[in-house]
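Text of the file target_15.cif, holding mmCIF, C-alpha atoms and all ligand atoms:
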```
data_structure
loop_
_atom_site.label_atom_id
_atom_site.label_comp_id
_atom_site.auth_asym_id
_atom_site.auth_seq_id
_atom_site.Cartn_x
_atom_site.Cartn_y
_atom_site.Cartn_z
CA MET S 259 36.44 65.73 -80.66
CA HIS S 260 33.20 67.56 -81.19
CA ALA S 261 31.30 70.20 -79.27
CA VAL S 262 28.12 69.51 -77.28
CA ARG S 263 25.87 71.95 -75.48
CA ASN S 264 24.41 71.32 -72.05
CA ILE S 265 20.93 72.69 -72.62
CA ARG S 266 20.32 73.04 -68.91
CA LEU S 267 23.18 75.52 -68.64
CA CYS S 268 22.67 77.40 -71.90
CA THR S 269 21.39 80.94 -71.34
CA LYS S 270 20.53 81.51 -75.03
CA ASP S 271 22.70 84.54 -75.55
CA CYS S 272 24.03 82.96 -78.73
CA LEU S 273 27.69 83.96 -78.69
CA CYS S 274 28.40 80.48 -79.96
CA LEU S 275 26.51 81.26 -83.17
CA TYR S 276 28.61 84.36 -83.58
CA VAL S 277 31.97 82.64 -83.27
CA CYS S 278 31.36 79.28 -84.93
CA PRO S 279 33.11 79.21 -88.33
CA THR S 280 30.80 76.56 -89.78
CA GLY S 281 27.34 77.23 -88.36
CA ALA S 282 27.41 73.96 -86.46
CA THR S 283 25.98 75.65 -83.39
CA ASP S 284 23.05 77.06 -85.32
CA THR S 285 20.41 74.36 -85.06
CA GLU S 286 16.74 74.15 -84.18
CA SER S 287 17.26 71.09 -81.99
CA GLY S 288 19.25 72.95 -79.35
CA GLN S 289 22.13 70.56 -79.89
CA ILE S 290 25.27 71.27 -81.91
CA ASP S 291 25.47 69.59 -85.30
CA ALA S 292 28.35 67.15 -84.85
CA THR S 293 28.70 66.62 -88.59
CA LYS S 294 29.53 70.29 -89.15
CA CYS S 295 31.71 70.69 -86.07
CA LEU S 296 35.45 70.99 -86.79
CA SER S 297 37.35 68.54 -84.67
CA GLY S 298 38.50 70.38 -81.58
CA CYS S 299 38.21 73.99 -82.83
CA ARG S 300 36.64 75.00 -79.49
CA ALA S 301 35.83 78.61 -80.45
CA CYS S 302 32.33 78.19 -79.02
CA VAL S 303 33.62 76.53 -75.87
CA ASP S 304 35.78 79.53 -75.07
CA ALA S 305 33.14 82.08 -76.09
CA CYS S 306 30.19 80.72 -74.12
CA PRO S 307 29.73 82.86 -70.99
CA SER S 308 27.71 80.14 -69.28
CA HIS S 309 30.20 77.29 -69.67
CA ALA S 310 27.46 75.44 -71.46
CA ILE S 311 29.57 73.95 -74.27
CA PHE S 312 32.39 71.47 -74.05
CA LEU S 313 34.25 69.10 -76.29
CA ILE S 314 33.79 65.37 -76.01
CA PRO S 315 35.98 62.73 -77.60
CA ASP S 316 34.71 60.86 -80.66
CA GLU S 317 36.51 57.78 -79.46
CA TYR S 318 37.27 56.74 -75.92
CA PRO S 319 40.23 54.62 -74.86
CA LEU S 320 39.57 50.91 -74.54
CA GLN S 321 38.10 49.51 -71.37
CA GLN S 322 40.81 48.76 -68.83
CA LYS S 323 41.35 45.11 -68.32
CA LYS S 324 39.71 43.71 -65.22
CA THR S 325 41.08 40.53 -63.67
CA ASN S 326 38.70 37.67 -63.05
CA ASP S 327 39.30 37.94 -59.31
CA VAL S 328 38.22 41.55 -59.33
CA LYS S 329 35.17 40.77 -61.43
CA LYS S 330 34.17 37.90 -59.19
CA ALA S 331 34.41 40.05 -56.07
CA LEU S 332 32.32 42.77 -57.69
CA LEU S 333 29.73 40.30 -58.97
CA THR S 334 29.30 38.88 -55.46
CA LEU S 335 28.27 42.36 -54.42
CA SER S 336 26.03 43.00 -57.41
CA GLU S 337 24.23 39.73 -56.64
CA SER S 338 23.58 40.82 -53.09
CA LYS S 339 22.56 44.37 -53.96
CA THR S 340 20.12 43.31 -56.66
CA ARG S 341 18.56 40.78 -54.30
CA GLN S 342 18.11 43.53 -51.75
CA GLU S 343 16.58 45.75 -54.40
CA GLN S 344 14.11 43.03 -55.28
CA LEU S 345 13.17 42.47 -51.62
CA ALA S 346 12.65 46.19 -51.13
CA LEU S 347 10.56 46.43 -54.31
CA THR S 348 8.45 43.53 -53.15
CA ILE S 349 7.74 45.39 -49.92
CA THR S 350 6.70 48.48 -51.88
CA LYS S 351 4.25 46.35 -53.84
CA THR S 352 2.81 44.30 -50.99
CA SER S 353 2.68 46.54 -47.92
CA ASP S 354 -0.43 48.60 -47.19
CA ASP S 355 1.44 50.94 -44.86
CA PRO S 356 2.53 54.13 -46.72
CA ILE S 357 5.51 54.70 -44.42
CA VAL S 358 6.75 51.16 -44.90
CA ARG S 359 6.41 51.59 -48.64
CA GLN S 360 8.28 54.88 -48.51
CA LEU S 361 11.21 53.40 -46.60
CA ALA S 362 11.29 50.36 -48.88
CA GLN S 363 11.25 52.63 -51.92
CA ALA S 364 14.29 54.52 -50.63
CA LEU S 365 16.09 51.24 -49.95
CA SER S 366 15.31 49.93 -53.43
CA ILE S 367 16.68 53.08 -55.08
CA SER S 368 19.80 52.93 -52.96
CA ASN S 369 20.42 49.29 -53.78
CA ARG S 370 19.90 49.85 -57.49
CA LEU S 371 22.59 52.54 -57.39
CA LEU S 372 24.95 50.32 -55.41
CA ALA S 373 24.43 47.48 -57.89
CA GLU S 374 24.94 49.79 -60.87
CA ASP S 375 28.20 51.08 -59.48
CA VAL S 376 29.81 47.68 -58.95
CA LEU S 377 28.62 46.36 -62.32
CA ARG S 378 30.04 49.40 -64.03
CA GLU S 379 33.40 48.72 -62.43
CA ALA S 380 33.21 45.04 -63.42
CA GLY S 381 34.07 45.98 -67.01
CA TYR S 382 31.02 47.84 -68.26
CA MET S 383 32.06 51.46 -67.89
CA LEU S 384 31.63 52.51 -71.50
CA PRO S 385 28.43 51.75 -73.42
CA GLN S 386 30.38 51.46 -76.67
CA SER S 387 32.96 48.98 -75.33
CA GLN S 388 33.42 45.47 -76.66
CA ASN S 389 32.25 44.05 -73.32
CA VAL S 390 28.89 45.74 -73.68
CA LYS S 391 28.54 44.67 -77.31
CA ASP S 392 29.35 41.09 -76.32
CA PHE S 393 26.75 41.30 -73.59
CA LEU S 394 24.10 42.50 -76.05
CA GLN S 395 25.11 39.87 -78.59
CA SER S 396 24.82 37.16 -75.93
CA LEU S 397 21.21 38.23 -75.40
CA LEU S 398 20.51 37.61 -79.08
CA ASP S 399 22.42 34.33 -79.08
CA THR S 400 20.50 32.73 -76.23
CA PRO S 401 16.83 31.70 -76.22
CA GLN S 402 14.62 34.49 -74.87
CA PRO S 403 10.97 34.67 -73.91
CA GLU S 404 8.50 35.73 -76.58
CA ASP S 405 8.09 39.27 -75.30
CA PHE S 406 11.84 39.92 -75.33
CA PRO S 407 12.59 43.24 -77.10
CA ILE S 408 14.89 41.84 -79.78
CA LYS S 409 14.52 45.00 -81.89
CA THR S 410 15.79 47.18 -79.07
CA VAL S 411 18.92 45.07 -78.70
CA GLU S 412 19.54 44.93 -82.45
CA LYS S 413 19.11 48.66 -82.75
CA LEU S 414 21.59 49.25 -79.94
CA LEU S 415 24.14 46.95 -81.52
CA SER S 416 23.81 48.78 -84.80
CA ILE S 417 24.27 52.29 -83.44
CA LEU S 418 26.67 51.90 -80.52
CA MET Z 276 45.76 52.70 -90.38
CA LYS Z 277 47.01 51.38 -87.08
CA LYS Z 278 46.77 52.28 -83.43
CA TYR Z 279 49.52 52.34 -80.83
CA ILE Z 280 48.92 52.16 -77.13
CA CYS Z 281 50.89 53.52 -74.21
CA PRO Z 282 51.65 50.59 -71.89
CA ILE Z 283 51.62 52.85 -68.86
CA CYS Z 284 48.50 54.98 -69.11
CA GLY Z 285 46.61 53.48 -72.01
CA PHE Z 286 46.75 56.58 -74.24
CA THR Z 287 46.07 55.50 -77.81
CA TYR Z 288 47.67 57.03 -80.87
CA ASN Z 289 45.42 56.49 -83.86
CA GLU Z 290 47.12 57.04 -87.22
CA SER Z 291 43.86 57.91 -88.84
CA VAL Z 292 43.17 60.67 -86.32
CA GLY Z 293 46.59 62.13 -85.54
CA ILE Z 294 46.90 64.56 -82.62
CA GLU Z 295 45.37 67.92 -83.36
CA GLU Z 296 46.87 69.68 -80.32
CA GLU Z 297 50.38 68.62 -81.27
CA LYS Z 298 49.99 69.46 -84.94
CA ILE Z 299 50.37 65.83 -85.90
CA LYS Z 300 48.18 65.56 -88.95
CA LYS Z 301 45.56 62.93 -89.62
CA GLY Z 302 47.10 59.97 -91.36
CA THR Z 303 50.60 60.47 -89.91
CA LYS Z 304 52.22 57.04 -89.75
CA TRP Z 305 53.73 55.88 -86.47
CA LYS Z 306 57.17 55.52 -88.03
CA ASP Z 307 57.00 59.14 -89.21
CA MET Z 308 56.35 60.56 -85.76
CA PRO Z 309 59.16 62.72 -84.29
CA SER Z 310 61.66 60.41 -82.59
CA ASP Z 311 61.59 62.47 -79.40
CA TRP Z 312 57.80 62.29 -79.21
CA VAL Z 313 56.47 61.13 -75.84
CA CYS Z 314 53.05 60.13 -74.55
CA PRO Z 315 51.03 63.34 -74.05
CA LEU Z 316 49.47 61.96 -70.89
CA CYS Z 317 52.34 60.29 -69.04
CA SER Z 318 55.53 61.03 -71.06
CA THR Z 319 56.36 57.41 -71.80
CA LYS Z 320 58.83 57.14 -74.70
CA ARG Z 321 57.64 56.37 -78.17
CA VAL Z 322 59.65 53.10 -78.44
CA ASP Z 323 57.80 51.68 -75.47
CA PHE Z 324 54.39 51.96 -77.14
CA LEU Z 325 52.70 48.76 -78.26
CA GLU Z 326 50.98 48.26 -81.54
CA GLU Z 327 47.34 47.39 -81.11
CA ALA Z 328 47.03 44.08 -82.90
CA ILE Z 329 43.30 43.59 -82.87
CA ASP Z 330 40.81 45.66 -80.95
CA VAL Z 331 39.47 42.78 -78.94
CA ALA Z 332 42.88 41.63 -77.78
CA LEU Z 333 42.81 44.22 -75.02
CA ASN Z 334 39.19 43.66 -74.28
CA GLU Z 335 38.97 40.65 -72.09
CA LYS Z 336 36.11 38.42 -73.08
CA VAL Z 337 33.13 38.92 -70.86
CA PRO Z 338 31.70 36.26 -68.60
CA PHE Z 339 29.31 34.80 -71.11
CA SER Z 340 31.29 32.14 -72.88
CA GLU Z 341 31.29 28.69 -71.38
CA GLU Z 342 34.92 27.99 -72.15
CA GLY Z 343 38.35 28.84 -70.93
CA GLU Z 344 39.18 31.36 -68.26
CA ALA Z 345 35.87 33.10 -68.42
CA SER Z 346 33.95 30.00 -67.48
CA THR Z 347 34.85 30.62 -63.84
CA LEU Z 348 32.52 33.59 -64.01
CA ARG Z 349 28.81 33.18 -63.95
CA LYS Z 350 26.17 34.72 -66.15
CA LEU Z 351 24.48 37.86 -64.94
CA SER Z 352 21.06 37.40 -63.39
CA ILE Z 353 18.00 39.15 -64.83
CA LYS Z 354 18.07 41.60 -61.93
CA GLU Z 355 21.71 42.39 -62.62
CA MET Z 356 21.02 42.85 -66.31
CA SER Z 357 18.43 45.43 -65.38
CA ALA Z 358 20.94 47.33 -63.23
CA LEU Z 359 23.62 46.99 -65.90
CA CYS Z 360 21.31 48.45 -68.55
CA SER Z 361 20.10 51.32 -66.39
CA ASN Z 362 23.71 52.23 -65.71
CA LEU Z 363 24.61 52.03 -69.40
CA SER Z 364 21.66 54.31 -70.06
CA LYS Z 365 23.18 56.89 -67.72
CA GLY Z 366 26.54 56.38 -69.42
CA CYS Z 367 24.96 57.21 -72.79
CA GLU Z 368 23.24 60.28 -71.36
CA LYS Z 369 26.58 61.59 -70.18
CA GLN Z 370 27.86 61.29 -73.72
CA TYR Z 371 24.75 63.01 -75.07
CA ARG Z 372 23.70 59.83 -76.86
CA ASN Z 373 20.01 60.13 -76.12
CA GLU Z 374 18.73 57.49 -78.47
CA GLU Z 375 21.03 54.85 -77.00
CA ALA Z 376 20.14 56.05 -73.50
CA ASP Z 377 16.44 55.47 -74.23
CA LEU Z 378 17.02 52.02 -75.66
CA PHE Z 379 19.07 50.90 -72.67
CA LYS Z 380 16.37 52.27 -70.41
CA GLN Z 381 13.72 50.21 -72.21
CA LEU Z 382 15.84 47.09 -71.81
CA SER Z 383 16.41 47.85 -68.16
CA GLU Z 384 12.68 48.21 -67.56
CA TYR Z 385 12.00 44.98 -69.40
CA PHE Z 386 14.37 43.07 -67.12
CA LYS Z 387 13.11 44.87 -64.05
CA ASN Z 388 9.52 43.82 -64.70
CA LYS Z 389 10.64 40.21 -65.10
CA GLY Z 390 11.45 40.13 -61.38
CA ASP Z 391 9.55 37.87 -59.04
CA PHE Z 392 7.70 39.99 -56.50
CA THR Z 393 5.48 37.30 -55.06
CA LYS Z 394 7.75 35.89 -52.36
CA ASP Z 395 7.51 37.20 -48.82
CA ALA Z 396 9.90 40.02 -48.09
CA SER Z 397 10.67 41.88 -44.89
CA PHE Z 398 13.14 44.44 -43.61
CA LYS Z 399 14.61 41.59 -41.58
CA ASP Z 400 15.54 39.74 -44.80
CA LEU Z 401 17.14 42.90 -46.09
CA SER Z 402 19.06 43.44 -42.92
CA ASN Z 403 20.46 39.90 -43.07
CA LEU Z 404 21.86 40.49 -46.54
CA ILE Z 405 23.25 43.86 -45.50
CA GLN Z 406 25.00 42.29 -42.56
CA LYS Z 407 26.56 39.69 -44.80
CA ASP Z 408 27.82 42.38 -47.15
CA LEU Z 409 29.42 44.22 -44.26
CA ASP Z 410 30.83 41.14 -42.52
CA THR Z 411 32.28 39.33 -45.50
CA ASN Z 412 31.54 40.57 -49.01
CA TYR Z 413 33.13 44.01 -48.73
CA LYS Z 414 36.10 42.66 -46.80
CA ASN Z 415 36.83 39.97 -49.38
CA ALA Z 416 36.36 42.36 -52.25
CA LYS Z 417 38.67 44.91 -50.64
CA ASN Z 418 41.44 42.34 -50.25
CA VAL Z 419 41.25 41.22 -53.85
CA ILE Z 420 40.90 44.67 -55.30
CA THR Z 421 43.58 46.32 -53.22
CA LYS Z 422 46.00 43.67 -54.48
CA SER Z 423 45.00 44.27 -58.07
CA GLY Z 424 45.48 48.03 -57.80
CA ASP Z 425 42.19 48.71 -59.60
CA ARG Z 426 41.45 52.24 -58.41
CA GLY Z 427 38.03 52.55 -59.97
CA ALA Z 428 36.81 49.37 -58.36
CA LEU Z 429 38.32 50.38 -55.03
CA ARG Z 430 36.49 53.71 -55.18
CA ALA Z 431 33.21 51.88 -55.75
CA LEU Z 432 33.90 49.68 -52.74
CA VAL Z 433 34.75 52.54 -50.43
CA TRP Z 434 31.56 54.43 -51.30
CA GLY Z 435 29.50 51.26 -51.36
CA GLU Z 436 30.62 50.12 -47.94
CA LYS Z 437 29.88 53.52 -46.39
CA ALA Z 438 26.43 53.66 -47.98
CA THR Z 439 25.75 50.08 -46.86
CA ASN Z 440 26.73 50.92 -43.28
CA ILE Z 441 24.16 53.67 -43.41
CA LEU Z 442 21.48 51.33 -44.77
CA SER Z 443 22.23 49.02 -41.89
CA SER Z 444 21.78 51.80 -39.36
CA VAL Z 445 18.58 53.05 -41.04
CA ILE Z 446 17.01 49.61 -40.75
CA LYS Z 447 18.13 49.26 -37.13
CA ARG Z 448 16.66 52.63 -36.29
CA TYR Z 449 13.43 51.70 -38.02
CA ASP Z 450 13.32 48.47 -36.09
CA LYS Z 451 13.41 50.42 -32.82
CA LYS Z 452 11.21 53.39 -33.60
CA LYS Z 453 8.97 51.94 -36.31
CA ASN Z 454 6.91 54.49 -38.23
CA GLU Z 455 7.78 57.22 -35.77
CA LEU Z 456 11.19 57.36 -37.46
CA LEU Z 457 9.71 58.80 -40.64
CA GLU Z 458 6.33 60.11 -39.63
CA ASN Z 459 7.24 63.79 -39.25
CA THR Z 460 10.29 64.07 -41.41
CA ASN Z 461 11.68 63.24 -44.85
CA ILE Z 462 13.87 60.61 -46.43
CA TYR Z 463 16.44 61.26 -49.18
CA VAL Z 464 18.71 59.20 -51.42
CA CYS Z 465 21.91 60.42 -53.07
CA GLU Z 466 21.47 59.63 -56.76
CA ILE Z 467 25.19 59.20 -57.20
CA CYS Z 468 26.24 56.83 -54.42
CA GLY Z 469 23.05 55.52 -52.80
CA PHE Z 470 23.54 57.27 -49.45
CA VAL Z 471 20.24 57.39 -47.52
CA TYR Z 472 19.42 60.28 -45.22
CA ILE Z 473 16.51 60.77 -42.82
CA GLY Z 474 15.87 64.35 -41.76
CA ASP Z 475 13.94 67.50 -42.57
CA GLU Z 476 16.41 68.78 -45.12
CA ALA Z 477 19.07 67.04 -47.22
CA PRO Z 478 22.68 67.77 -46.25
CA LYS Z 479 24.46 70.41 -48.39
CA ILE Z 480 26.82 67.84 -49.82
CA CYS Z 481 26.65 64.08 -49.72
CA PRO Z 482 28.86 62.89 -46.86
CA VAL Z 483 29.80 59.74 -48.80
CA CYS Z 484 30.54 60.89 -52.36
CA LYS Z 485 30.63 64.69 -51.80
CA VAL Z 486 28.20 65.54 -54.57
CA PRO Z 487 26.17 68.76 -54.00
CA ASN Z 488 22.62 68.24 -52.77
CA MET Z 489 20.88 68.88 -56.08
CA LYS Z 490 21.73 65.21 -56.64
CA ILE Z 491 20.21 64.16 -53.32
CA VAL Z 492 16.54 63.47 -54.02
CA GLN Z 493 13.60 63.16 -51.70
CA VAL Z 494 11.58 59.93 -51.72
CA LYS Z 495 7.93 60.84 -51.35
CA ARG Z 496 5.31 58.96 -49.35
CA ARG Z 497 2.64 57.41 -51.55
S1 LIG A 501 27.06 80.90 -76.17
FE1 LIG A 501 26.55 79.42 -74.55
S2 LIG A 501 24.81 80.33 -73.47
FE2 LIG A 501 25.01 81.39 -75.44
S3 LIG A 501 23.59 80.30 -76.81
FE3 LIG A 501 25.63 79.42 -77.08
S4 LIG A 501 25.63 77.69 -75.63
FE4 LIG A 501 23.93 78.99 -75.03
S1 LIG A 502 33.96 73.59 -81.88
FE1 LIG A 502 34.17 75.14 -83.49
S2 LIG A 502 33.21 74.19 -85.28
FE2 LIG A 502 32.53 73.02 -83.51
S3 LIG A 502 30.62 73.97 -82.97
FE3 LIG A 502 32.20 74.97 -81.71
S4 LIG A 502 32.80 76.79 -82.90
FE4 LIG A 502 31.64 75.44 -84.28
ZN ZN A 503 26.50 60.56 -52.54
#
```
Go ahead and express the file in the form of structure tokens.
Amino acid sequence: MHAVRNIRLCTKDCLCLYVCPTGATDTESGQIDATKCLSGCRACVDACPSHAIFLIPDEYPLQQKKTNDVKKALLTLSESKTRQEQLALTITKTSDDPIVRQLAQALSISNRLLAEDVLREAGYMLPQSQNVKDFLQSLLDTPQPEDFPIKTVEKLLSIL
Amino acid sequence: MKKYICPICGFTYNESVGIEEEKIKKGTKWKDMPSDWVCPLCSTKRVDFLEEAIDVALNEKVPFSEEGEASTLRKLSIKEMSALCSNLSKGCEKQYRNEEADLFKQLSEYFKNKGDFTKDASFKDLSNLIQKDLDTNYKNAKNVITKSGDRGALRALVWGEKATNILSSVIKRYDKKKNELLENTNIYVCEICGFVYIGDEAPKICPVCKVPNMKIVQVKRR
């Protein structure tokens, strides 16, 4: 466990600096220094009047197993939602009516969210899970177009 | 150092971490744990825990290999990869992993721009797909997922079906009233569940996922 600060909630009254035994909360970046934070000490969490600090786990439990039937059902939906997103985006790019574009824009955002949600439940909840790493690796293992951002994928694999 | 997993709730005991709250020190071996120790999450007995053989054993292989069980699953399309990466980006943000969040966002954008936007598209095409989701896709998925007891997936279906019903009604209303539907009012989308709302002001909480309206954003006319 280590402490993180939600900068949007922090009211800068600095009680966390006062209570922290290691100075981990005392940084210029606004974020708490995870390398100095004592695992689960939580002095700052309890002291912060704005509920701006909480502890997050260093390691999450493994991804729950998803059966193939469940995945298939979810992928049927993600297929449909992403197709709808693409149709809606096409309308936003081709229509010359601002109201049509506005409606299509809303529909594309909605469909993106719906697609994200089912894909997440199809075994990709945690960015650091093996499923996600396998996905990224598969991108490197298959032929990709020239402009494919290989570096981005490699970087992700190295830091996840 | 080994890990042991609760077969009921999935809680993992990691010898190299111990359990701070229970004063079980880092490096405490499984065999040295108190014999009356139980799972801190669900109280399952210690003897029922399973040793984690290899990390990947619990992680089912994803649908990318061409062999075995997984071959029944298809590869993700480019459009899906874009949605997968944008969601992973949000996942990283929630864990305060900003660098990873940025990288996933870049990937997501890359895939998004690879889309083909040249084909004709109309609200009618959209409405056909929506109808198919409502008539068959959600029903099938609900059957399968209810049987499997996967609560997370079921939650996604319940929200998704509601939001899709609303999309269907929005398109029907637009079909009748045309631009008049939006001319003198606003349109909003819930950033959490995809709920679409047409009206002067967003509802206080999202009727589908119950999130407060700071997460319900207006889509501007451009
Ligand atoms: S105690 Fe809380 S509000 Fe005050 S500076 Fe620290 S994080 Fe911000
Ligand atoms: S949890 Fe403890 S060590 Fe970590 S930042 Fe807060 S007060 Fe400092
Ligand atoms: Zn919502």
**Complete:** Here CA of Tyr371 in chain Z and CA of Thr287 in chain Z stand apart by 22.8 Å
**Asked** Quick one: which residues from chain Z are at most 6 Å off chain S, using all atoms listed in the file, as a VMD selection string?
**Response** chain Z and resid 337 354 358 to 359 362 to 363 392 396 401 416 420 428 469 496 to 497
**Using all atoms listed in the file: which of S:Leu313, S:Cys306, S:Ala261, S:Cys295 has the shortest distance to Tyr276 in chain S** = S:Cys306
For ligand LIG 501 (chain A), return the neighbouring residues as a PDB file with C-alpha atoms, in the coordinates of the input (distance at most 12 Å; only C-alpha atoms and all ligand atoms).
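And here is the file that came out, part.pdb:
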```
ATOM      1  CA  ALA S 261      31.300  70.200 -79.270  1.00  0.00           C
ATOM      2  CA  VAL S 262      28.120  69.510 -77.280  1.00  0.00           C
ATOM      3  CA  ARG S 263      25.870  71.950 -75.480  1.00  0.00           C
ATOM      4  CA  ASN S 264      24.410  71.320 -72.050  1.00  0.00           C
ATOM      5  CA  ILE S 265      20.930  72.690 -72.620  1.00  0.00           C
ATOM      6  CA  ARG S 266      20.320  73.040 -68.910  1.00  0.00           C
ATOM      7  CA  LEU S 267      23.180  75.520 -68.640  1.00  0.00           C
ATOM      8  CA  CYS S 268      22.670  77.400 -71.900  1.00  0.00           C
ATOM      9  CA  THR S 269      21.390  80.940 -71.340  1.00  0.00           C
ATOM     10  CA  LYS S 270      20.530  81.510 -75.030  1.00  0.00           C
ATOM     11  CA  ASP S 271      22.700  84.540 -75.550  1.00  0.00           C
ATOM     12  CA  CYS S 272      24.030  82.960 -78.730  1.00  0.00           C
ATOM     13  CA  LEU S 273      27.690  83.960 -78.690  1.00  0.00           C
ATOM     14  CA  CYS S 274      28.400  80.480 -79.960  1.00  0.00           C
ATOM     15  CA  LEU S 275      26.510  81.260 -83.170  1.00  0.00           C
ATOM     16  CA  TYR S 276      28.610  84.360 -83.580  1.00  0.00           C
ATOM     17  CA  VAL S 277      31.970  82.640 -83.270  1.00  0.00           C
ATOM     18  CA  CYS S 278      31.360  79.280 -84.930  1.00  0.00           C
ATOM     19  CA  GLY S 281      27.340  77.230 -88.360  1.00  0.00           C
ATOM     20  CA  ALA S 282      27.410  73.960 -86.460  1.00  0.00           C
ATOM     21  CA  THR S 283      25.980  75.650 -83.390  1.00  0.00           C
ATOM     22  CA  ASP S 284      23.050  77.060 -85.320  1.00  0.00           C
ATOM     23  CA  THR S 285      20.410  74.360 -85.060  1.00  0.00           C
ATOM     24  CA  GLU S 286      16.740  74.150 -84.180  1.00  0.00           C
ATOM     25  CA  GLY S 288      19.250  72.950 -79.350  1.00  0.00           C
ATOM     26  CA  GLN S 289      22.130  70.560 -79.890  1.00  0.00           C
ATOM     27  CA  ILE S 290      25.270  71.270 -81.910  1.00  0.00           C
ATOM     28  CA  ARG S 300      36.640  75.000 -79.490  1.00  0.00           C
ATOM     29  CA  ALA S 301      35.830  78.610 -80.450  1.00  0.00           C
ATOM     30  CA  CYS S 302      32.330  78.190 -79.020  1.00  0.00           C
ATOM     31  CA  VAL S 303      33.620  76.530 -75.870  1.00  0.00           C
ATOM     32  CA  ASP S 304      35.780  79.530 -75.070  1.00  0.00           C
ATOM     33  CA  ALA S 305      33.140  82.080 -76.090  1.00  0.00           C
ATOM     34  CA  CYS S 306      30.190  80.720 -74.120  1.00  0.00           C
ATOM     35  CA  PRO S 307      29.730  82.860 -70.990  1.00  0.00           C
ATOM     36  CA  SER S 308      27.710  80.140 -69.280  1.00  0.00           C
ATOM     37  CA  HIS S 309      30.200  77.290 -69.670  1.00  0.00           C
ATOM     38  CA  ALA S 310      27.460  75.440 -71.460  1.00  0.00           C
ATOM     39  CA  ILE S 311      29.570  73.950 -74.270  1.00  0.00           C
ATOM     40  CA  PHE S 312      32.390  71.470 -74.050  1.00  0.00           C
TER      41      PHE S 312
END
```
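If you measure from each of S:Thr293, S:Ser287, S:Thr400, S:Ser416 to ligand LIG 502 (chain A) using only C-alpha atoms and all ligand atoms, the closest one turns out to be S:Thr293.
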